[in-house]
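Scroll down for the structure; my scribbles are underneath it.
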Protein chains: 2
Amino acid sequence: MQNYSEALSVIYWDMRTGAPKKGLAQRAEVIGTLSAELFALQTSEELGNILLHLEQEELDFVTRRLFEEVKKGYNESKKIPSDEFKAYTILQAKSEAAWEEAKAASDFQIFLPYLKEVIDYQKRFVGYWGIKNGSAYNTLLDKYEPDMTTDMLDQLFGELKATIIPLVNAIKASPNKPNTSMLFEHFPKAGQHAASLELLEQLGYDFEAGRLDETVHPFMIGLNSGDIRVTTKYDESDFRSAVFGTIHECGHAVYEQNIDPQLNGLPLSTGASMGIHESQSLFYENIIGRNENFWKHNFAILQKHSPEQFGHVDVVEFLKAINFSEPSFIRIEADELTYPLHIMIRYEIEREIFNGDLQAEDLPRVWNDKYEEYLGIRPENDAQGVLQDTHWSGGSFGYFPSYALGFMYAAQWKHAMDQDIPNFDELLSRGELAPIKNWLTEKVHQYGALKKPNELILEGTGEALSATYLANYLKEKYTTLYQL
Amino acid sequence: MQNYSEALSVIYWDMRTGAPKKGLAQRAEVIGTLSAELFALQTSEELGNILLHLEQEELDFVTRRLFEEVKKGYNESKKIPSDEFKAYTILQAKSEAAWEEAKAASDFQIFLPYLKEVIDYQKRFVGYWGIKNGSAYNTLLDKYEPDMTTDMLDQLFGELKATIIPLVNAIKASPNKPNTSMLFEHFPKAGQHAASLELLEQLGYDFEAGRLDETVHPFMIGLNSGDIRVTTKYDESDFRSAVFGTIHECGHAVYEQNIDPQLNGLPLSTGASMGIHESQSLFYENIIGRNENFWKHNFAILQKHSPEQFGHVDVVEFLKAINFSEPSFIRIEADELTYPLHIMIRYEIEREIFNGDLQAEDLPRVWNDKYEEYLGIRPENDAQGVLQDTHWSGGSFGYFPSYALGFMYAAQWKHAMDQDIPNFDELLSRGELAPIKNWLTEKVHQYGALKKPNELILEGTGEALSATYLANYLKEKYTTLYQL
């Protein structure tokens, strides 16, 4: 199973890093053949028997967790009648194509019939999988963030919202707007590439166990424990997509590069959850990558590779510019302060689809109302609004909360790290990141999926996940930046 | 089978274009799993039954050829007892490692025990496969060049040798030595890459059905009919490895990019033989790429990307330099005139191993004697002599002749092309290569493996393969260049 899955990952990486388009149709056949074989193995009677046998055995800790993870995957696949699963796979492909078309035309109606069908399937699947912790949506949440519930999210997001919205409003009212014009000056691609490589080196990325390539939608992919690749995107009139994208994916990659080698080749050699994974990428991107001291050390890299753009810029001005905050429509372009609001909107909509009676046809209106309520802006069309993300077209309901959870985890790691590494800022300013990476490896990376998210955060920080640390981080940072 | 084979090709390409080294051990497991499944399909009872059934059917031309090719592969795998095949696969890996070690230490004795065993296996395999056209070595030749025999090779190489050796001696004696110093000046990698891309474009390579990457040992790989990739190697103190390497691989790629789409997805969508494949790469590299008129049009590309090196150089001087000929020890670095002699030496040795009684322990001496006889130089050590090529370590006996056959085919295609395209040189000097490519597509490319090598050359040129055209090409070219 691991070998088939790795072969598929190589093909997936290749398709997203420059595979020639005329070969893609035939490549889809290859994916079909390997996926079918993988699915057959994942749902085989043989595997079922092994699981049944292990159920009754005394298992050591690693084998127990391995058993649990494999069983979870087995049940997820096995409980759905195979005809239905196959039909759903075909629907997914059509739905994703319809979403692309709808987004290009900015017309939700093109996507609506597919979306309705995808939701119906997901509701039926929840029926097969069983209600978890009292609600249908919890079953979906659990796929991405084990044991997460709407009760917890309502509490966490509620607290966060109460901090963020007043901050956003205060910033709107503040006269202290940074000058951001230097961000959009021409930065040649070759220089961005060279800068990305230098930053990865500085951040502790192991190039003997990975590589950096160009793509359209950046991602990190762990092919195996010794081959953890990152990708980025070069926009010559906005270097941030490459530089912060690279730092973000580096956080994901450093996580997987530092999992305990004893888990090599096992399905446990991966992140504990989407949220924990995102906690590492956001720790790197925001807690490190938007920190003044980090740039005191590294701004010279940007100045070297784009001297006309940055040669005359002061690092403090640069810091203000990259931390500029303003409500905007597109989630993936949002700044760190407003970003969680984009997630809350999606979470509330998903929760009401599965736990309430929100209908697919009402999504554009509900979406726009919530943007107006939370961010004070109203999308002018569907492309700018409800159609911007691909997740729902593929049926990934329950995924969005991970992004905001990751930021909460990250802030809580930072709070705990401050006890052990009081000179965090000083280390950054000297470019000595090893103690920081080692702390994260000790508390998070090494375990892979051996521990569950709630175990990791409790054992690593001494308490359960709380929104307070992120709220405090944002309040302190933006109050200072905007002199509120 | 095609899908498994394509997945393996993606992995193979990836391993040779920058896959991180720490992931390779695990990737080998993936290759093992997919190869085992592919071998099981290739030797399955089901496939055997299909072949048995088709044997008795009336088949259309394409299906008949498909049947023949699949049957040839089936027999090749099936006739070897599977235990023996497995043991041989393990031996191959060990033998290749031993060859690498021996080459690094320049010590044939390290490699000898493995080479002996590989030869023993190959002799046994010939026994299983059956003697073809009267001799054991013909069976091996047929794997790479269908229907080729030692009788034909003795005649072809004999004629060629009678032309080449006097030319090589006359050049040695000639006072007209070109100045080659400009070849070795610094040419930055980025410029070589840009020049390679421009040359590929000019030569008709389809970038929507391929890509160019960097590697250590350049190769072309056809993943599927819409994904035919080339690779090259950048040596900053000898641009020829990238530029002529790229042109060479482009010839292979243009062949596969122009196979009739009706063969897509079939095992016939590949070259007719190693020799015919090499005829296309050598047509591009030598007949086009070392032609004065080609460089009259394209020298500006090199001047643009390396102005200090070439800005003051006259194209005629450049031409003389890139066509410089001199006996040398290493096959892959040899010029086009002496290259066939390197092949003849290997051919004669292989023939005597399988048809005569040449023993592995005698190879270094026989090798060195032949270099002295044919090229007038004697290798000083094993690395420079018998250990230079990897082929024998993997058991690829019968492969070497393809390289020289390819050059003979290429010269014969050129002779036939002259009748249809009398203004060949003029087209090159204007950079109009489409008519030349289209001619090759009409006579060679489109058929893929639908026709056999002897059918292609007979139908495309009106006669069987002859050494005369290559002999004439070399005589005319080098007599003029060196004013002999």
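The chains in the structure tokens are called A, B, ... from first to last as shown; in each chain the residues are counted from 1, and the ligands are counted from 1 in the order shown.
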Do you have, as CSV, the list of residues of chain A lying at most 6 Å from chain B, each with its nearest atom pair and that distance in Å to one decimal, counting only C-alpha atoms and ordered by chain then number?
residue,atom,partner,partner_atom,distance
A:Asn3,CA,B:Val30,CA,4.7
A:Pro20,CA,B:Ala209,CA,5.1
A:Lys21,CA,B:Glu208,CA,5.8
A:Lys22,CA,B:Gly226,CA,4.5
A:Gly23,CA,B:Gly226,CA,3.9
A:Val30,CA,B:Asn3,CA,4.7
A:Glu208,CA,B:Pro20,CA,5.2
A:Ala209,CA,B:Lys22,CA,5.1
A:Gly210,CA,B:Pro20,CA,5.3
A:Gly226,CA,B:Gly23,CA,3.9
A:Asp227,CA,B:Gly23,CA,4.6
Non-local contacts of segment 341-350 of chain A (7 Å; only C-alpha atoms; under 2 positions in same chain excluded) as a PyMOL selection string: chain A and resi 157+331+338-339+352-354+370+374+397+400-401+404
Any chance you could list, as an MDAnalysis selection string, the residues in segment 207-260 of chain A that come up helix (DSSP H, G or I) when DSSP is run on the backbone? chainID A and resid 207:209 240:257
Contacts of Phe310 of chain A at 10 Å or less, counting only C-alpha atoms, minus same-chain residues fewer than 6 places along, as an NGL selection string? :A and (182-183 or 185 or 187 or 299-304 or 318)
Might you pull out every residue within 8 Å of Gln122 of chain B, with only C-alpha atoms counted and same-chain residues fewer than 4 positions away left off, and present them as a CSV table (one decimal) with N, CA and C atoms, in the first residue's frame?
chain,number,residue,atom,x,y,z
B,118,VAL,N,27.9,-13.1,-15.3
B,118,VAL,CA,26.9,-12.5,-16.2
B,118,VAL,C,27.0,-13.1,-17.5
B,126,VAL,N,20.6,-17.6,-23.8
B,126,VAL,CA,20.6,-17.9,-25.3
B,126,VAL,C,20.1,-19.3,-25.5
B,395,GLY,N,24.8,-6.9,-18.5
B,395,GLY,CA,24.5,-8.0,-19.4
B,395,GLY,C,24.0,-7.6,-20.8
All residues 8 Å or closer to Pro327 of chain A, only C-alpha atoms, same chain fewer than 2 positions away omitted, as an MDAnalysis selection string: chainID A and resid 168 325 329 334 338 375:377
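Counting only C-alpha atoms, Glu55 of chain B has the following residues at most 10 Å away, ignoring those fewer than 6 positions along the same chain: Asn49, Arg64, Phe67, Glu68 and Lys71 of chain B.
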Trp129 of chain A environment, 9 Å, only C-alpha atoms, sequence neighbours closer than 5 positions dropped, as a list in words: Asn75, Glu76, Lys79, Ile80, Arg124 and Thr139 of chain A
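If you measure from each of B:Lys143, B:His312, B:Lys451, B:Lys477 to Asn286 of chain B using only C-alpha atoms, the closest one turns out to be B:Lys477.
DSSP on the backbone gives strand (DSSP E or B) for these parts of segment 212-401 of chain A: Leu212, Asp213, Glu214, Met220, Ile221, Gly222, Leu223, Asn224, Asp227, Ile228, Arg229, Val230, Thr231 and Thr232 of chain A.
Straight-line separation from atom CA of Gly356 of chain A to atom CA of Gly406 of chain A: 25.9 Å.
Coordinates place atom CA of Ile171 of chain A at a distance of 12.2 Å from atom CA of Leu474 of chain A.
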